[in-house]
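K.L.:
Input start.cif, format and content: mmCIF, C-alpha atoms.
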```
data_data
#
loop_
_atom_site.label_atom_id
_atom_site.label_comp_id
_atom_site.auth_asym_id
_atom_site.auth_seq_id
_atom_site.Cartn_x
_atom_site.Cartn_y
_atom_site.Cartn_z
CA MET L 1 85.12 86.46 98.30
CA SER L 2 84.96 83.71 100.90
CA LYS L 3 86.90 82.59 103.93
CA ILE L 4 89.90 80.30 103.56
CA ASN L 5 90.23 77.46 106.07
CA LEU L 6 93.94 76.65 106.18
CA ALA L 7 93.68 73.22 107.84
CA ASP L 8 91.05 72.20 105.31
CA LYS L 9 93.28 73.28 102.41
CA LEU L 10 96.26 71.44 103.92
CA SER L 11 94.21 68.23 104.21
CA GLN L 12 93.63 68.20 100.45
CA PHE L 13 97.15 67.37 99.28
CA GLU L 14 100.30 65.42 100.04
CA GLY L 15 103.86 66.21 99.13
CA HIS L 16 106.54 68.47 100.51
CA TRP L 17 107.85 71.78 99.17
CA GLN L 18 104.91 72.05 96.78
CA PRO L 19 103.02 75.24 97.62
CA ARG L 20 99.31 75.46 96.88
CA VAL L 21 97.77 78.85 96.16
CA VAL L 22 94.70 79.35 98.38
CA GLY L 23 94.00 83.01 97.76
CA ALA L 24 95.44 86.37 96.82
CA PHE L 25 95.71 89.91 98.07
CA ASN L 26 97.50 93.03 96.83
CA ASP L 27 99.30 91.17 94.03
CA HIS L 28 100.59 88.52 96.43
CA ASP L 29 99.75 84.82 96.49
CA LEU L 30 98.59 83.26 99.75
CA MET L 31 99.95 79.72 99.82
CA VAL L 32 100.01 76.73 102.12
CA VAL L 33 102.92 74.34 101.97
CA LYS L 34 104.17 71.26 103.80
CA PHE L 35 107.86 71.27 104.69
CA GLN L 36 109.92 68.22 105.55
CA GLY L 37 113.65 67.77 105.09
CA GLN L 38 116.05 70.34 103.70
CA PHE L 39 115.17 72.87 100.98
CA SER L 40 117.88 74.39 98.79
CA TRP L 41 119.77 77.57 99.60
CA HIS L 42 118.37 80.50 97.65
CA SER L 43 117.42 84.15 97.84
CA HIS L 44 114.92 86.46 96.18
CA THR L 45 116.41 89.58 94.64
CA ASP L 46 113.29 91.70 94.62
CA ASN L 47 111.02 90.60 97.44
CA ASP L 48 110.80 89.68 101.09
CA ASP L 49 109.48 86.22 101.94
CA PHE L 50 106.78 85.71 104.60
CA PHE L 51 106.53 82.44 106.57
CA LEU L 52 103.98 81.73 109.31
CA VAL L 53 104.30 78.30 110.91
CA LEU L 54 100.84 76.79 111.43
CA LYS L 55 101.91 73.39 112.80
CA GLY L 56 105.26 71.83 113.62
CA GLU L 57 108.63 73.56 113.64
CA MET L 58 110.70 75.09 110.86
CA ILE L 59 114.40 75.74 111.15
CA MET L 60 115.29 78.72 108.98
CA ARG L 61 118.94 78.24 108.08
CA LEU L 62 120.71 81.52 107.40
CA ARG L 63 124.37 82.12 106.61
CA ASP L 64 124.91 83.47 110.12
CA GLY L 65 122.99 80.78 111.98
CA ASP L 66 119.73 78.87 112.36
CA VAL L 67 116.44 80.25 113.72
CA LYS L 68 113.80 77.89 115.15
CA VAL L 69 110.31 79.01 114.20
CA GLY L 70 107.38 77.25 115.87
CA ALA L 71 103.60 77.29 115.45
CA GLY L 72 102.18 80.80 115.79
CA GLU L 73 105.48 82.40 114.81
CA ILE L 74 106.31 84.46 111.73
CA PHE L 75 109.69 84.78 110.06
CA VAL L 76 110.30 87.33 107.30
CA VAL L 77 113.36 86.77 105.11
CA PRO L 78 114.35 90.15 103.67
CA LYS L 79 115.06 90.38 99.95
CA GLY L 80 118.54 89.32 98.97
CA VAL L 81 119.13 87.22 102.11
CA GLU L 82 120.17 83.63 101.48
CA HIS L 83 118.06 81.08 103.31
CA ALA L 84 117.33 77.36 103.34
CA PRO L 85 114.28 76.20 105.32
CA PHE L 86 114.49 72.83 107.05
CA ALA L 87 112.02 70.74 109.05
CA GLU L 88 112.75 67.52 110.90
CA GLU L 89 109.05 66.52 111.05
CA GLU L 90 106.31 67.55 108.63
CA THR L 91 105.59 71.23 109.21
CA HIS L 92 102.72 73.31 107.81
CA VAL L 93 103.39 76.87 106.71
CA LEU L 94 101.48 79.85 105.36
CA LEU L 95 103.68 81.49 102.74
CA ILE L 96 103.04 84.90 101.20
CA GLU L 97 105.01 86.10 98.18
CA PRO L 98 104.36 88.40 95.23
CA LYS L 99 102.59 86.55 92.43
CA GLY L 100 105.04 84.66 90.26
CA THR L 101 107.94 84.54 92.73
CA PRO L 102 109.90 81.30 92.05
CA ASN L 103 110.07 79.32 95.31
CA THR L 104 113.68 78.35 94.66
CA GLY L 105 114.69 81.87 93.65
CA ASP L 106 115.14 80.57 90.06
CA PRO L 107 112.30 80.14 87.54
CA ALA L 108 114.13 77.16 86.00
CA THR L 109 113.85 75.05 89.16
CA ALA L 110 110.73 76.51 90.79
CA ALA L 111 107.67 74.45 91.72
CA PRO L 112 104.60 75.39 89.68
CA ARG L 113 102.00 77.56 91.41
CA ARG L 114 99.02 75.28 91.72
CA GLU L 115 95.71 76.44 93.10
CA ILE L 116 93.67 74.43 95.54
CA MET X 1 115.69 89.79 111.22
CA SER X 2 114.12 87.68 113.95
CA LYS X 3 111.04 85.58 114.45
CA ILE X 4 107.78 87.15 115.61
CA ASN X 5 105.79 85.26 118.24
CA LEU X 6 102.19 86.40 117.77
CA ALA X 7 100.82 85.21 121.15
CA ASP X 8 103.69 86.94 122.91
CA LYS X 9 102.99 90.20 121.07
CA LEU X 10 99.26 89.94 121.86
CA SER X 11 100.02 89.48 125.56
CA GLN X 12 101.78 92.84 125.68
CA PHE X 13 98.78 95.13 125.28
CA GLU X 14 95.11 95.63 126.10
CA GLY X 15 92.49 97.47 124.13
CA HIS X 16 90.32 96.68 121.14
CA TRP X 17 90.61 97.89 117.56
CA GLN X 18 94.11 99.22 118.22
CA PRO X 19 96.49 97.43 115.86
CA ARG X 20 100.12 96.96 116.86
CA VAL X 21 102.76 96.70 114.15
CA VAL X 22 104.91 93.62 114.78
CA GLY X 23 106.87 93.48 111.53
CA ALA X 24 106.92 94.37 107.86
CA PHE X 25 107.35 92.79 104.46
CA ASN X 26 107.11 94.08 100.90
CA ASP X 27 105.88 97.53 101.99
CA HIS X 28 103.11 96.01 104.11
CA ASP X 29 102.71 96.20 107.87
CA LEU X 30 102.19 92.98 109.83
CA MET X 31 99.87 93.81 112.71
CA VAL X 32 98.15 92.06 115.58
CA VAL X 33 94.86 93.41 116.85
CA LYS X 34 92.19 92.49 119.40
CA PHE X 35 88.62 92.77 118.19
CA GLN X 36 85.56 92.97 120.39
CA GLY X 37 82.24 94.60 119.55
CA GLN X 38 81.34 96.31 116.31
CA PHE X 39 83.79 98.27 114.14
CA SER X 40 82.58 100.95 111.74
CA TRP X 41 81.58 100.34 108.14
CA HIS X 42 84.38 101.35 105.78
CA SER X 43 86.29 100.39 102.66
CA HIS X 44 89.77 100.88 101.28
CA THR X 45 89.91 102.37 97.81
CA ASP X 46 93.36 101.15 96.85
CA ASN X 47 94.10 97.95 98.71
CA ASP X 48 92.80 94.57 99.75
CA ASP X 49 92.65 93.84 103.49
CA PHE X 50 94.02 90.57 104.93
CA PHE X 51 92.59 89.08 108.15
CA LEU X 52 93.74 85.81 109.75
CA VAL X 53 91.87 84.86 112.91
CA LEU X 54 94.33 83.53 115.50
CA LYS X 55 91.89 83.02 118.40
CA GLY X 56 88.14 83.47 118.77
CA GLU X 57 85.66 84.24 116.01
CA MET X 58 85.20 87.28 113.81
CA ILE X 59 81.99 88.06 111.97
CA MET X 60 82.83 89.98 108.80
CA ARG X 61 79.73 92.01 108.03
CA LEU X 62 79.36 92.73 104.33
CA ARG X 63 76.54 94.52 102.51
CA ASP X 64 75.31 91.19 101.15
CA GLY X 65 75.60 89.20 104.38
CA ASP X 66 77.79 88.10 107.27
CA VAL X 67 80.69 85.65 107.12
CA LYS X 68 81.86 83.81 110.26
CA VAL X 69 85.63 83.50 110.35
CA GLY X 70 87.16 81.27 113.02
CA ALA X 71 90.67 80.50 114.25
CA GLY X 72 92.90 79.28 111.41
CA GLU X 73 90.79 81.00 108.77
CA ILE X 74 91.69 83.89 106.46
CA PHE X 75 89.32 86.44 105.00
CA VAL X 76 90.48 88.88 102.32
CA VAL X 77 88.31 91.95 101.76
CA PRO X 78 88.92 93.17 98.20
CA LYS X 79 89.60 96.85 97.64
CA GLY X 80 86.50 98.98 97.46
CA VAL X 81 84.29 96.49 99.33
CA GLU X 82 82.47 97.87 102.35
CA HIS X 83 82.97 95.84 105.50
CA ALA X 84 82.47 96.09 109.25
CA PRO X 85 84.17 93.45 111.40
CA PHE X 86 82.40 92.34 114.58
CA ALA X 87 83.30 90.00 117.42
CA GLU X 88 81.07 88.89 120.27
CA GLU X 89 83.99 87.76 122.42
CA GLU X 90 87.55 89.07 122.30
CA THR X 91 89.12 87.80 119.10
CA HIS X 92 92.77 87.98 118.06
CA VAL X 93 93.64 88.74 114.46
CA LEU X 94 96.70 89.03 112.24
CA LEU X 95 96.11 91.95 109.90
CA ILE X 96 98.23 92.75 106.85
CA GLU X 97 97.86 96.03 104.98
CA PRO X 98 100.10 98.31 102.94
CA LYS X 99 102.07 100.66 105.18
CA GLY X 100 100.02 103.70 106.09
CA THR X 101 96.57 102.27 105.32
CA PRO X 102 94.06 103.93 107.68
CA ASN X 103 92.22 101.16 109.59
CA THR X 104 88.91 103.02 109.29
CA GLY X 105 89.43 103.82 105.61
CA ASP X 106 89.83 107.50 106.58
CA PRO X 107 93.08 109.06 107.87
CA ALA X 108 91.05 111.48 110.03
CA THR X 109 89.61 108.71 112.21
CA ALA X 110 92.29 106.01 111.90
CA ALA X 111 94.06 104.49 114.89
CA PRO X 112 97.77 105.36 114.97
CA ARG X 113 100.18 102.65 113.83
CA ARG X 114 102.02 101.74 116.98
CA GLU X 115 104.89 99.29 117.04
CA ILE X 116 105.29 96.65 119.67
#
```
Do you think you could lay out the structure here as structure tokens?
P.N.:
Amino acid sequence: MSKINLADKLSQFEGHWQPRVVGAFNDHDLMVVKFQGQFSWHSHTDNDDFFLVLKGEMIMRLRDGDVKVGAGEIFVVPKGVEHAPFAEEETHVLLIEPKGTPNTGDPATAAPRREI
Amino acid sequence: MSKINLADKLSQFEGHWQPRVVGAFNDHDLMVVKFQGQFSWHSHTDNDDFFLVLKGEMIMRLRDGDVKVGAGEIFVVPKGVEHAPFAEEETHVLLIEPKGTPNTGDPATAAPRREI
């Protein structure tokens, strides 16, 4: 039981679209991730997806349009909704998902859940 | 389905220790709250408690000592652990708890869950 400094965790790794697990609560993983470029279209059948932009700007592409999400803003993608996050510049995000959720929506292509 | 601007939500109310529900995901409420002064000692039997300091500094008092939690830092209080948050100056916090969790640990004394 200790505090989690998000900027400190983000300073400890490079690489985009590779979430790092920094903590847990109520059977969810707390993760930090660096976005840049276009991630694949996907959805999660059983869970909502929580994004909080910490730095930069994320464009959440949805089938009915794009939503710009800046620092200090949360976007929740409801379960079953197709989405494809994009960032022009490197963007830092706090991501919360149930433990074991594949980040691509498909275990076969998901990034491993690495702790930091 | 829309983005949630936390600073904007926090600008819409006054009052300390009165969480406002700003969204939901996976049967949890996303809440913003303003802390100042000392909150009561309590614990939650069935759930962990998520705190992310957005502005200011929270002291999380625990039975075995205090933890200072500043802006950009998360503190998770595991279920069953007694805690009593404190803030010298007004501090803004993102709080995530399962829907219906009483903020005092006791439904009889809990603040109502108001949406904003």
K.L.:
Listing only residues of chain X within 10 Å of chain L, what is the closest atom pair and its distance in Å (to one decimal) for each, using all atoms listed in the file, sorted by chain and residue number ascending, as JSON lines?
P.N.:
```
{"residue": "X:Met1", "atom": "CA", "partner": "L:Val76", "partner_atom": "CA", "distance": 7.1}
{"residue": "X:Ser2", "atom": "CA", "partner": "L:Phe75", "partner_atom": "CA", "distance": 6.6}
{"residue": "X:Lys3", "atom": "CA", "partner": "L:Phe75", "partner_atom": "CA", "distance": 4.7}
{"residue": "X:Ile4", "atom": "CA", "partner": "L:Ile74", "partner_atom": "CA", "distance": 4.9}
{"residue": "X:Asn5", "atom": "CA", "partner": "L:Glu73", "partner_atom": "CA", "distance": 4.5}
{"residue": "X:Leu6", "atom": "CA", "partner": "L:Gly72", "partner_atom": "CA", "distance": 5.9}
{"residue": "X:Ala7", "atom": "CA", "partner": "L:Gly72", "partner_atom": "CA", "distance": 7.1}
{"residue": "X:Asp8", "atom": "CA", "partner": "L:Glu73", "partner_atom": "CA", "distance": 9.5}
{"residue": "X:Val22", "atom": "CA", "partner": "L:Ile74", "partner_atom": "CA", "distance": 9.8}
{"residue": "X:Gly23", "atom": "CA", "partner": "L:Val76", "partner_atom": "CA", "distance": 8.2}
{"residue": "X:Ala24", "atom": "CA", "partner": "L:Val76", "partner_atom": "CA", "distance": 7.8}
{"residue": "X:Phe25", "atom": "CA", "partner": "L:Asp48", "partner_atom": "CA", "distance": 5.7}
{"residue": "X:Asn26", "atom": "CA", "partner": "L:Asp48", "partner_atom": "CA", "distance": 5.7}
{"residue": "X:Asp27", "atom": "CA", "partner": "L:Asp48", "partner_atom": "CA", "distance": 9.3}
{"residue": "X:His28", "atom": "CA", "partner": "L:Asn26", "partner_atom": "CA", "distance": 9.7}
{"residue": "X:Leu30", "atom": "CA", "partner": "L:Ile74", "partner_atom": "CA", "distance": 9.7}
{"residue": "X:Asp46", "atom": "CA", "partner": "L:Asn26", "partner_atom": "CA", "distance": 9.1}
{"residue": "X:Asn47", "atom": "CA", "partner": "L:Asn26", "partner_atom": "CA", "distance": 6.3}
{"residue": "X:Asp48", "atom": "CA", "partner": "L:Asn26", "partner_atom": "CA", "distance": 5.7}
{"residue": "X:Asp49", "atom": "CA", "partner": "L:Phe25", "partner_atom": "CA", "distance": 7.4}
{"residue": "X:Phe50", "atom": "CA", "partner": "L:Phe25", "partner_atom": "CA", "distance": 7.1}
{"residue": "X:Phe51", "atom": "CA", "partner": "L:Lys3", "partner_atom": "CA", "distance": 9.6}
{"residue": "X:Leu52", "atom": "CA", "partner": "L:Ile4", "partner_atom": "CA", "distance": 9.1}
{"residue": "X:Leu54", "atom": "CA", "partner": "L:Gly72", "partner_atom": "CA", "distance": 8.3}
{"residue": "X:Met60", "atom": "CA", "partner": "L:Lys3", "partner_atom": "CA", "distance": 9.7}
{"residue": "X:Val67", "atom": "CA", "partner": "L:Lys3", "partner_atom": "CA", "distance": 7.6}
{"residue": "X:Lys68", "atom": "CA", "partner": "L:Lys3", "partner_atom": "CA", "distance": 8.2}
{"residue": "X:Val69", "atom": "CA", "partner": "L:Lys3", "partner_atom": "CA", "distance": 6.6}
{"residue": "X:Gly70", "atom": "CA", "partner": "L:Asn5", "partner_atom": "CA", "distance": 8.5}
{"residue": "X:Ala71", "atom": "CA", "partner": "L:Asn5", "partner_atom": "CA", "distance": 8.7}
{"residue": "X:Gly72", "atom": "CA", "partner": "L:Leu6", "partner_atom": "CA", "distance": 5.9}
{"residue": "X:Glu73", "atom": "CA", "partner": "L:Asn5", "partner_atom": "CA", "distance": 4.5}
{"residue": "X:Ile74", "atom": "CA", "partner": "L:Ile4", "partner_atom": "CA", "distance": 4.9}
{"residue": "X:Phe75", "atom": "CA", "partner": "L:Lys3", "partner_atom": "CA", "distance": 4.7}
{"residue": "X:Val76", "atom": "CA", "partner": "L:Phe25", "partner_atom": "CA", "distance": 6.8}
{"residue": "X:Val77", "atom": "CA", "partner": "L:Met1", "partner_atom": "CA", "distance": 7.2}
{"residue": "X:Pro78", "atom": "CA", "partner": "L:Phe25", "partner_atom": "CA", "distance": 7.5}
{"residue": "X:Lys79", "atom": "CA", "partner": "L:Asn26", "partner_atom": "CA", "distance": 8.8}
{"residue": "X:Ile96", "atom": "CA", "partner": "L:Phe25", "partner_atom": "CA", "distance": 9.6}
{"residue": "X:Glu97", "atom": "CA", "partner": "L:Asn26", "partner_atom": "CA", "distance": 8.7}
{"residue": "X:Pro98", "atom": "CA", "partner": "L:Asn26", "partner_atom": "CA", "distance": 8.5}
```
K.L.:
How far is it from atom CA of Gly105 of chain X to atom CA of Val32 of chain X, in Å with one decimal?
P.N.:
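Spanning atom CA of Gly105 of chain X to atom CA of Val32 of chain X is a straight-line distance of 17.7 Å.
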K.L.:
Which distance in Å separates atom CA of His83 of chain L and atom CA of Thr101 of chain L, to one decimal?
P.N.:
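Atom CA of Thr101 of chain L lies at a distance of 15.0 Å from atom CA of His83 of chain L.
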K.L.:
I'd like to see the residues matched by the PyMOL selection byres ((chain X and resi 34) around 9) on this file, and ideally I'd get them as a PyMOL selection string.
P.N.:
chain X and resi 10+14-19+32-33+35-36+90-93
K.L.:
Quick one: axis-aligned box around all listed atoms of segment 58-75 of chain X, 3 Å on every side, centre and edge lengths in Å to one decimal, written as lines of an AutoDock Vina configuration file.
P.N.:
```
center_x = 84.1
center_y = 86.9
center_z = 107.7
size_x = 23.6
size_y = 21.2
size_z = 19.1
```
K.L.:
I'd like the contact shell of Val81 of chain X - 8 Å cut-off, only C-alpha atoms, skipping same-chain residues fewer than 4 positions apart - returned as a compact mmCIF listing (two decimals) with C-alpha atoms, in the frame of the given file.
P.N.:
```txt
# COMPACT_ATOMS: atom_id res chain seq x y z
CA SER X 43 86.29 100.39 102.66
CA HIS X 44 89.77 100.88 101.28
CA LEU X 62 79.36 92.73 104.33
CA VAL X 77 88.31 91.95 101.76
```
K.L.:
Using the chain letters and numbering of this document, enumerate as a PDB file with C-alpha atoms, in the frame of the given file the residues selected by the PyMOL selection byres ((chain L and resi 113) around 7).
P.N.:
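Generated output (expr28.pdb):
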```pdb
ATOM      1  CA  PRO L  19     103.020  75.240  97.620  1.00  0.00           C
ATOM      2  CA  ARG L  20      99.310  75.460  96.880  1.00  0.00           C
ATOM      3  CA  VAL L  21      97.770  78.850  96.160  1.00  0.00           C
ATOM      4  CA  ALA L 111     107.670  74.450  91.720  1.00  0.00           C
ATOM      5  CA  PRO L 112     104.600  75.390  89.680  1.00  0.00           C
ATOM      6  CA  ARG L 114      99.020  75.280  91.720  1.00  0.00           C
ATOM      7  CA  GLU L 115      95.710  76.440  93.100  1.00  0.00           C
TER       8      GLU L 115
END
```
K.L.:
Measure the distance from atom CA of Asp29 of chain L to atom CA of Gly100 of chain X in Å and round it to one decimal.
P.N.:
21.2 Å
K.L.:
Measuring between all atoms listed in the file, which one of L:Ser40, L:Leu94, L:Lys99, L:Thr104 shows the shortest distance to Lys9 of chain L?
P.N.:
L:Leu94
K.L.:
Counting all atoms listed in the file, which residue out of X:Leu95, X:Ala87, X:Met31, X:Ile116 sits closest to Asp66 of chain X?
P.N.:
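Among the listed residues, the smallest separation from Asp66 of chain X belongs to X:Ala87.
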